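Here's the structure, in C-alpha cells; my notes come after.
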Amino acid sequence: MKTTKNYKNIALTAVIAGALSVSSMAVAKDLRIVSWGGAYQNAQSIGIFQPAGKAMDITINEDTYGGISDVKLMVKSGADKFDIFSSGSGSCASGGAEGVLEKLDYSVIDVSNHLPGMFSDYCAGADIFSVVAAWNTETYGENGPRSWADFYDTDKFPGTRAMRSKVDGQLETALLADGVAIADVYTVLDSEEGITRALDKIRSIKDHIDVWWTSGAMHAQLMKDGEVDMTTGWNGRFDVAKKDGAKVSYDYKTGIMDWEGYGIPKGIANKDLAMEFINEMMKPEYMAEFAKYITYGPTNAQTYELGLIPDELAKALPSHPDNAKHQLTISQDWYAKWRTVAAEMYTEMMTE
C-alpha cells in the first residue's frame, strides 16, 4: 500500500509540475512583434514597443514581415512565429473575415478614449496615416500633382511613376482620378465591375509606372534617389525622407486616410500577454512620443486633449482637422468583403 501511495504521489507531482510548466509557458515574459521596418518601425520601436515593454517588465523581440498574407500563412501552417503584428485596418479586416485572427478583448484593451472608428474586433488602432501622391520637387518644383487626376494625367505631368504592389489604397486613387466623388468611391467598388473600372484606370498609365513598390522604406528610397518623378505612398515616410535630404513634396488633398493598429494571430500561446501589451500601447503618452519620429496622428484623443503633441507638429499630422477634411477614409467593411478578390485582380493587372 505504501508503494501505491508513493506512485500516486509521484504521479500527482508530475501532473502539478506539468500544469505549472504549461502555465509558465502561457505567461512567458517575452513577446514577438512584427512591423514594416524602416523609419516607421524605428518610430514604433523608440516611441512605443521598447518603452512599453520596459514598463511591463517584458522583453520585446522585433522583426519585419510582409503583411497580412504572412499572418494567414503562419496560422494555416500551424507555426507560432510572432505574437502581435502591426497592420493597416483593411488588411486586419480581411484577416478577421478569414478567421485567422484572435478577436480582441476590449475588457482588457482600453479604447474608451479612441477617436470614432479607430478600432475593430480584430485591430486596436495605434496611428493614423495617409496614402498620398508625392512628387519629386527637382522635376516639378512645388507644382506637382495636387489631385489624383493630376497623378494620372501623363500629358500635364509627364514622368515616371511608382505604385504599390499590393491593392491596399491603390484602387481608390484610380476612381478619384476617374471623377468619382469621395462619398461614392466604395459604392462603385462594391462589385467586380467597379473594381475592373479602377484597374482599367491604372492600366491607362501602366506604361508610365516604372516601379511597383513593396514597402514604405522602398518608396521613400525611390524619392531620395530620384528614381521616379512621383509615387503613391505614406505621408510620414516622405516626411522622414525629406529630413534626410530627399527632394519630395505632397498635398493632403490627395490623401486617403487610414489607420494602423495591432492584431493577434489565431491560436498563439501568448494570447493573454499579447492582449495586455496591446492595452499598454494604447496609452496617449506612447502615441505622442511616436509622433516625434514620424508624422502619423494618434488614435487616442487624449493625446491631443492633454496637450502631449505641440501645435506645430499636430498641424502636420493627417488627422488634424485642416488636413482630414480633404480626405477619403479607408472602408474596413469594403476590405473585409472584397480584399481577397481585389488583390487577385490587382496582381493579375500588374503581371499581364
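To be explicit about the labels: the chains of the C-alpha cells are called A, B, and onward in the order shown, and within each one the residues are counted from 1, while ligands get numbers from 1 in the order they are shown.
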
Per residue of segment 235-352 of chain A within 8 Å of segment 105-127 of chain A, record the nearest atom pair and its distance in Å to one decimal, counting only C-alpha atoms, with rows in chain order and ascending residue number, as a Markdown table.
| residue | atom | partner | partner_atom | distance |
| --- | --- | --- | --- | --- |
| A:Trp259 | CA | A:Asp127 | CA | 5.6 |
| A:Glu260 | CA | A:Asp127 | CA | 5.4 |
| A:Gly261 | CA | A:Gly125 | CA | 4.0 |
| A:Tyr262 | CA | A:Cys123 | CA | 5.3 |
| A:Gly263 | CA | A:Cys123 | CA | 4.9 |
| A:Ile264 | CA | A:Tyr122 | CA | 7.6 |
| A:Met275 | CA | A:Ile109 | CA | 6.6 |
| A:Glu276 | CA | A:Val108 | CA | 6.5 |
| A:Ile278 | CA | A:Ile109 | CA | 6.6 |
| A:Asn279 | CA | A:Ile109 | CA | 4.3 |
| A:Glu280 | CA | A:Ile109 | CA | 7.9 |
| A:Met281 | CA | A:Ala126 | CA | 7.7 |
| A:Met282 | CA | A:Ala126 | CA | 6.6 |
| A:Met287 | CA | A:Ala126 | CA | 7.3 |
| A:Tyr296 | CA | A:Asp127 | CA | 5.9 |
| A:Gly297 | CA | A:Asp127 | CA | 5.3 |
| A:Pro298 | CA | A:Asp127 | CA | 4.7 |
| A:Thr299 | CA | A:Asp127 | CA | 5.4 |
| A:Asn300 | CA | A:His114 | CA | 4.3 |
| A:Ala301 | CA | A:His114 | CA | 5.6 |
| A:Gln302 | CA | A:Asn113 | CA | 6.5 |

Would you write out those residues with N, CA and C atoms, as a PDB file, in the first residue's frame?
ATOM      1  N   TRP A 259      -5.836  53.907 -40.888  1.00  0.00           N
ATOM      2  CA  TRP A 259      -5.201  53.767 -39.580  1.00  0.00           C
ATOM      3  C   TRP A 259      -4.537  52.411 -39.461  1.00  0.00           C
ATOM      4  N   GLU A 260      -3.446  52.432 -38.721  1.00  0.00           N
ATOM      5  CA  GLU A 260      -2.661  51.236 -38.439  1.00  0.00           C
ATOM      6  C   GLU A 260      -2.946  50.807 -37.011  1.00  0.00           C
ATOM      7  N   GLY A 261      -2.982  49.518 -36.789  1.00  0.00           N
ATOM      8  CA  GLY A 261      -3.220  49.023 -35.447  1.00  0.00           C
ATOM      9  C   GLY A 261      -2.531  47.698 -35.211  1.00  0.00           C
ATOM     10  N   TYR A 262      -2.893  47.063 -34.113  1.00  0.00           N
ATOM     11  CA  TYR A 262      -2.245  45.818 -33.719  1.00  0.00           C
ATOM     12  C   TYR A 262      -3.257  44.690 -33.659  1.00  0.00           C
ATOM     13  N   GLY A 263      -2.862  43.551 -34.225  1.00  0.00           N
ATOM     14  CA  GLY A 263      -3.689  42.355 -34.196  1.00  0.00           C
ATOM     15  C   GLY A 263      -2.905  41.179 -33.647  1.00  0.00           C
ATOM     16  N   ILE A 264      -3.622  40.091 -33.357  1.00  0.00           N
ATOM     17  CA  ILE A 264      -3.029  38.889 -32.774  1.00  0.00           C
ATOM     18  C   ILE A 264      -3.398  37.682 -33.637  1.00  0.00           C
ATOM     19  N   MET A 275      -2.585  40.556 -25.339  1.00  0.00           N
ATOM     20  CA  MET A 275      -3.703  41.474 -25.084  1.00  0.00           C
ATOM     21  C   MET A 275      -3.272  42.575 -24.108  1.00  0.00           C
ATOM     22  N   GLU A 276      -2.575  42.174 -23.048  1.00  0.00           N
ATOM     23  CA  GLU A 276      -2.144  43.145 -22.049  1.00  0.00           C
ATOM     24  C   GLU A 276      -1.143  44.141 -22.643  1.00  0.00           C
ATOM     25  N   ILE A 278      -0.915  45.073 -25.853  1.00  0.00           N
ATOM     26  CA  ILE A 278      -1.640  45.995 -26.738  1.00  0.00           C
ATOM     27  C   ILE A 278      -2.322  47.070 -25.906  1.00  0.00           C
ATOM     28  N   ASN A 279      -2.899  46.675 -24.776  1.00  0.00           N
ATOM     29  CA  ASN A 279      -3.512  47.661 -23.882  1.00  0.00           C
ATOM     30  C   ASN A 279      -2.500  48.715 -23.458  1.00  0.00           C
ATOM     31  N   GLU A 280      -1.315  48.299 -23.096  1.00  0.00           N
ATOM     32  CA  GLU A 280      -0.283  49.246 -22.684  1.00  0.00           C
ATOM     33  C   GLU A 280       0.040  50.220 -23.819  1.00  0.00           C
ATOM     34  N   MET A 281       0.097  49.709 -25.050  1.00  0.00           N
ATOM     35  CA  MET A 281       0.469  50.547 -26.196  1.00  0.00           C
ATOM     36  C   MET A 281      -0.599  51.562 -26.583  1.00  0.00           C
ATOM     37  N   MET A 282      -1.811  51.405 -26.052  1.00  0.00           N
ATOM     38  CA  MET A 282      -2.896  52.327 -26.367  1.00  0.00           C
ATOM     39  C   MET A 282      -2.802  53.647 -25.595  1.00  0.00           C
ATOM     40  N   MET A 287       1.811  57.293 -27.908  1.00  0.00           N
ATOM     41  CA  MET A 287       1.436  57.815 -29.225  1.00  0.00           C
ATOM     42  C   MET A 287       2.072  59.181 -29.474  1.00  0.00           C
ATOM     43  N   TYR A 296       2.618  60.628 -38.113  1.00  0.00           N
ATOM     44  CA  TYR A 296       1.358  59.909 -38.114  1.00  0.00           C
ATOM     45  C   TYR A 296       0.597  60.293 -36.849  1.00  0.00           C
ATOM     46  N   GLY A 297      -0.701  60.498 -36.991  1.00  0.00           N
ATOM     47  CA  GLY A 297      -1.506  61.012 -35.892  1.00  0.00           C
ATOM     48  C   GLY A 297      -1.941  59.928 -34.915  1.00  0.00           C
ATOM     49  N   PRO A 298      -2.268  60.313 -33.684  1.00  0.00           N
ATOM     50  CA  PRO A 298      -2.711  59.362 -32.665  1.00  0.00           C
ATOM     51  C   PRO A 298      -4.170  58.967 -32.851  1.00  0.00           C
ATOM     52  N   THR A 299      -4.506  57.763 -32.404  1.00  0.00           N
ATOM     53  CA  THR A 299      -5.906  57.332 -32.391  1.00  0.00           C
ATOM     54  C   THR A 299      -6.568  57.644 -31.056  1.00  0.00           C
ATOM     55  N   ASN A 300      -5.766  57.827 -30.023  1.00  0.00           N
ATOM     56  CA  ASN A 300      -6.275  58.150 -28.681  1.00  0.00           C
ATOM     57  C   ASN A 300      -6.442  59.669 -28.577  1.00  0.00           C
ATOM     58  N   ALA A 301      -7.680  60.115 -28.443  1.00  0.00           N
ATOM     59  CA  ALA A 301      -7.982  61.553 -28.424  1.00  0.00           C
ATOM     60  C   ALA A 301      -7.307  62.282 -27.268  1.00  0.00           C
ATOM     61  N   GLN A 302      -6.993  61.574 -26.200  1.00  0.00           N
ATOM     62  CA  GLN A 302      -6.349  62.214 -25.059  1.00  0.00           C
ATOM     63  C   GLN A 302      -4.963  62.757 -25.400  1.00  0.00           C
TER      64      GLN A 302
END

* To do: Extract, using only C-alpha atoms, all DNA, RNA and protein residues at most 12 Å from Gly96 of chain A, discarding same-chain residues fewer than 2 positions from it, and format them as a PyMOL selection string.
  => chain A and resi 68+71-72+87+89-94+98-104+120-123+263-266+332-333+335-337+339

Saved selection, atoms kept: N, CA and C atoms, as a tab-separated table (two decimals), in the first residue's frame:
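Below you can see out-v5.tsv, which holds the result:
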chain	number	residue	atom	x	y	z
A	68	ILE	N	-0.47	40.94	-44.18
A	68	ILE	CA	-1.48	40.00	-43.70
A	68	ILE	C	-1.33	38.62	-44.32
A	71	VAL	N	0.58	36.53	-42.00
A	71	VAL	CA	-0.23	36.09	-40.85
A	71	VAL	C	-1.07	34.88	-41.25
A	72	LYS	N	-1.71	34.97	-42.40
A	72	LYS	CA	-2.57	33.88	-42.87
A	72	LYS	C	-1.75	32.60	-43.06
A	87	SER	N	-0.61	46.38	-38.51
A	87	SER	CA	-1.33	46.22	-39.77
A	87	SER	C	-2.26	47.38	-40.05
A	89	SER	N	-5.82	48.91	-41.25
A	89	SER	CA	-7.15	48.46	-40.83
A	89	SER	C	-7.80	47.53	-41.85
A	90	GLY	N	-7.60	47.81	-43.14
A	90	GLY	CA	-8.22	46.99	-44.18
A	90	GLY	C	-7.69	45.58	-44.20
A	91	SER	N	-6.38	45.43	-44.04
A	91	SER	CA	-5.78	44.10	-44.02
A	91	SER	C	-6.24	43.33	-42.80
A	92	CYS	N	-6.34	44.01	-41.67
A	92	CYS	CA	-6.84	43.36	-40.45
A	92	CYS	C	-8.28	42.89	-40.65
A	93	ALA	N	-9.07	43.71	-41.30
A	93	ALA	CA	-10.47	43.34	-41.56
A	93	ALA	C	-10.53	42.08	-42.41
A	94	SER	N	-9.64	41.99	-43.40
A	94	SER	CA	-9.58	40.82	-44.26
A	94	SER	C	-9.18	39.58	-43.46
A	98	GLU	N	-11.45	36.09	-42.56
A	98	GLU	CA	-10.99	34.75	-42.93
A	98	GLU	C	-10.73	33.86	-41.71
A	99	GLY	N	-10.93	34.40	-40.51
A	99	GLY	CA	-10.82	33.59	-39.31
A	99	GLY	C	-9.42	33.27	-38.86
A	100	VAL	N	-8.44	34.10	-39.23
A	100	VAL	CA	-7.05	33.81	-38.84
A	100	VAL	C	-6.57	34.71	-37.70
A	101	LEU	N	-7.46	35.53	-37.15
A	101	LEU	CA	-7.07	36.45	-36.08
A	101	LEU	C	-7.89	36.19	-34.81
A	102	GLU	N	-7.27	36.50	-33.67
A	102	GLU	CA	-7.98	36.45	-32.41
A	102	GLU	C	-8.87	37.68	-32.28
A	103	LYS	N	-10.08	37.49	-31.80
A	103	LYS	CA	-10.93	38.63	-31.50
A	103	LYS	C	-10.37	39.33	-30.27
A	104	LEU	N	-10.18	40.64	-30.36
A	104	LEU	CA	-9.55	41.37	-29.27
A	104	LEU	C	-10.51	41.54	-28.09
A	120	SER	N	-11.39	47.97	-34.14
A	120	SER	CA	-12.35	47.00	-34.64
A	120	SER	C	-12.21	45.72	-33.83
A	121	ASP	N	-13.00	44.71	-34.15
A	121	ASP	CA	-12.94	43.46	-33.41
A	121	ASP	C	-11.55	42.83	-33.45
A	122	TYR	N	-10.81	43.08	-34.52
A	122	TYR	CA	-9.54	42.38	-34.71
A	122	TYR	C	-8.33	43.30	-34.76
A	123	CYS	N	-8.53	44.59	-34.56
A	123	CYS	CA	-7.42	45.54	-34.70
A	123	CYS	C	-7.63	46.73	-33.77
A	263	GLY	N	-2.86	43.55	-34.22
A	263	GLY	CA	-3.69	42.35	-34.20
A	263	GLY	C	-2.91	41.18	-33.65
A	264	ILE	N	-3.62	40.09	-33.36
A	264	ILE	CA	-3.03	38.89	-32.77
A	264	ILE	C	-3.40	37.68	-33.64
A	265	PRO	N	-2.41	36.94	-34.12
A	265	PRO	CA	-2.71	35.74	-34.91
A	265	PRO	C	-3.49	34.70	-34.10
A	266	LYS	N	-4.35	33.99	-34.76
A	266	LYS	CA	-5.18	32.97	-34.11
A	266	LYS	C	-4.32	31.85	-33.53
A	332	GLN	N	-13.14	49.79	-43.83
A	332	GLN	CA	-12.83	48.45	-43.35
A	332	GLN	C	-13.84	47.43	-43.89
A	333	ASP	N	-15.10	47.81	-43.97
A	333	ASP	CA	-16.13	46.89	-44.44
A	333	ASP	C	-15.84	46.44	-45.87
A	335	TYR	N	-12.88	46.30	-47.35
A	335	TYR	CA	-11.72	45.41	-47.37
A	335	TYR	C	-12.04	44.04	-46.81
A	336	ALA	N	-12.90	43.97	-45.80
A	336	ALA	CA	-13.31	42.67	-45.26
A	336	ALA	C	-14.03	41.85	-46.32
A	337	LYS	N	-14.83	42.52	-47.15
A	337	LYS	CA	-15.63	41.84	-48.15
A	337	LYS	C	-14.86	41.55	-49.44
A	339	ARG	N	-11.24	42.42	-50.28
A	339	ARG	CA	-9.79	42.50	-50.43
A	339	ARG	C	-9.20	41.29	-51.15

* To do: Could you find all residues in segment 54-232 of chain A that DSSP calls alpha helix (DSSP H) from the backbone, and write them as a ChimeraX atom specification?
  => /A:54-56,68-77,89-97,137-140,148-151,171-177,185-188,192-203,216-224

Under the rule of at most 12 Å, produce a per-residue listing of segment 253-317 of chain A near segment 230-233 of chain A: chain, number, name, the closest pair of atoms, and the distance in Å, as a tab-separated table, using only C-alpha atoms.
residue	atom	partner	partner_atom	distance
A:Thr254	CA	A:Thr232	CA	9.7
A:Gly255	CA	A:Gly233	CA	9.9
A:Ile256	CA	A:Gly233	CA	10.1
A:Met257	CA	A:Gly233	CA	11.5
A:Asp258	CA	A:Gly233	CA	11.9

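The smallest atom-to-atom distance between Phe129 of chain A and any of A:Thr347, A:Thr303, A:Asn323, A:Thr340, using only C-alpha atoms, is found for A:Asn323.
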
* Pick from A:Ile58, A:Leu328, A:Gly226, A:Gln221 nearest to Val180 of chain A, counting only C-alpha atoms ->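 Result for the nearest residue to Val180 of chain A: A:Leu328.
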
* To one decimal in Å, tell me the separation between atom CA of Lys54 of chain A and atom CA of Lys81 of chain A. =>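 That distance, rounded to one decimal, is 21.9 Å.
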
* atom CA of Ala55 of chain A to atom CA of Gly88 of chain A: how many Å, to one decimal? -> 25.7 Å

Write out as an mmCIF file with C-alpha atoms, in the first residue's frame the residues lying within 9 Å of Ile309 of chain A, counting only C-alpha atoms and excluding same-chain residues fewer than 6 positions away.
data_model
loop_
_atom_site.group_PDB
_atom_site.id
_atom_site.type_symbol
_atom_site.label_atom_id
_atom_site.label_comp_id
_atom_site.auth_asym_id
_atom_site.auth_seq_id
_atom_site.Cartn_x
_atom_site.Cartn_y
_atom_site.Cartn_z
ATOM 1 C CA ALA A 288 2.779 61.309 -28.565
ATOM 2 C CA GLU A 289 6.353 60.037 -28.356
ATOM 3 C CA ALA A 291 4.686 61.148 -33.459
ATOM 4 C CA LYS A 292 8.018 62.863 -32.731
ATOM 5 C CA THR A 303 -3.043 62.693 -26.851
#

* To do: Name the residues of segment 207-239 of chain A that fall into strand (DSSP E) according to DSSP on the backbone, using the chain letters and numbers of this document, as an MDAnalysis selection string.
  => chainID A and resid 209:213 230:234

Those selected residues, please, written with N, CA and C atoms and delivered as an mmCIF file, in the first residue's frame.
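Printed below is out.cif as written:
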data_model
loop_
_atom_site.group_PDB
_atom_site.id
_atom_site.type_symbol
_atom_site.label_atom_id
_atom_site.label_comp_id
_atom_site.auth_asym_id
_atom_site.auth_seq_id
_atom_site.Cartn_x
_atom_site.Cartn_y
_atom_site.Cartn_z
ATOM 1 N N ILE A 209 4.439 53.517 -65.231
ATOM 2 C CA ILE A 209 4.775 53.014 -63.892
ATOM 3 C C ILE A 209 6.052 52.198 -63.987
ATOM 4 N N ASP A 210 7.144 52.766 -63.520
ATOM 5 C CA ASP A 210 8.444 52.095 -63.598
ATOM 6 C C ASP A 210 8.686 51.122 -62.455
ATOM 7 N N VAL A 211 8.057 51.376 -61.320
ATOM 8 C CA VAL A 211 8.311 50.556 -60.128
ATOM 9 C C VAL A 211 6.997 50.249 -59.415
ATOM 10 N N TRP A 212 6.840 48.990 -59.006
ATOM 11 C CA TRP A 212 5.747 48.591 -58.117
ATOM 12 C C TRP A 212 6.385 48.373 -56.747
ATOM 13 N N TRP A 213 6.215 49.331 -55.842
ATOM 14 C CA TRP A 213 6.949 49.265 -54.585
ATOM 15 C C TRP A 213 6.306 48.273 -53.618
ATOM 16 N N MET A 230 7.154 60.622 -59.436
ATOM 17 C CA MET A 230 6.046 60.666 -58.476
ATOM 18 C C MET A 230 5.681 59.257 -58.060
ATOM 19 N N THR A 231 5.067 59.131 -56.889
ATOM 20 C CA THR A 231 4.664 57.817 -56.396
ATOM 21 C C THR A 231 3.524 57.941 -55.399
ATOM 22 N N THR A 232 2.738 56.877 -55.298
ATOM 23 C CA THR A 232 1.834 56.746 -54.165
ATOM 24 C C THR A 232 2.678 56.369 -52.945
ATOM 25 N N GLY A 233 2.180 56.633 -51.747
ATOM 26 C CA GLY A 233 2.935 56.244 -50.561
ATOM 27 C C GLY A 233 2.387 56.888 -49.308
ATOM 28 N N TRP A 234 3.086 56.650 -48.205
ATOM 29 C CA TRP A 234 2.614 57.070 -46.892
ATOM 30 C C TRP A 234 3.278 58.366 -46.465
#

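Our summary of the geometry notes that atom CA of Arg203 of chain A is positioned 12.7 Å from atom CA of Thr173 of chain A.
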
* From the list A:Ala133, A:Leu273, A:Ala39, A:Asp184, which residue is nearest Thr59 of chain A when using only C-alpha atoms? ->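 When distances to Thr59 of chain A are compared using only C-alpha atoms, the smallest one comes from A:Leu273.
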
Using only C-alpha atoms, which protein or nucleic acid residues come within 8 Å of segment 142-146 of chain A? Drop anything in the same chain fewer than 6 positions from it, and give the result as a PDB file with C-alpha atoms, in the first residue's frame.
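After the write, part19.pdb holds the following:
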ATOM      1  CA  ALA A 133       0.644  61.350 -54.186  1.00  0.00           C
ATOM      2  CA  ALA A 134       4.221  62.520 -53.647  1.00  0.00           C
ATOM      3  CA  TRP A 135       6.371  64.179 -56.281  1.00  0.00           C
ATOM      4  CA  ASN A 136       9.999  64.967 -56.972  1.00  0.00           C
ATOM      5  CA  PHE A 157       2.619  65.694 -65.736  1.00  0.00           C
ATOM      6  CA  SER A 249       6.595  67.073 -51.502  1.00  0.00           C
ATOM      7  CA  TYR A 250       2.933  66.102 -51.265  1.00  0.00           C
ATOM      8  CA  ASP A 251      -0.500  67.614 -50.626  1.00  0.00           C
ATOM      9  CA  LYS A 253      -5.721  66.992 -50.871  1.00  0.00           C
ATOM     10  CA  THR A 254      -4.665  63.673 -52.411  1.00  0.00           C
TER      11      THR A 254
END
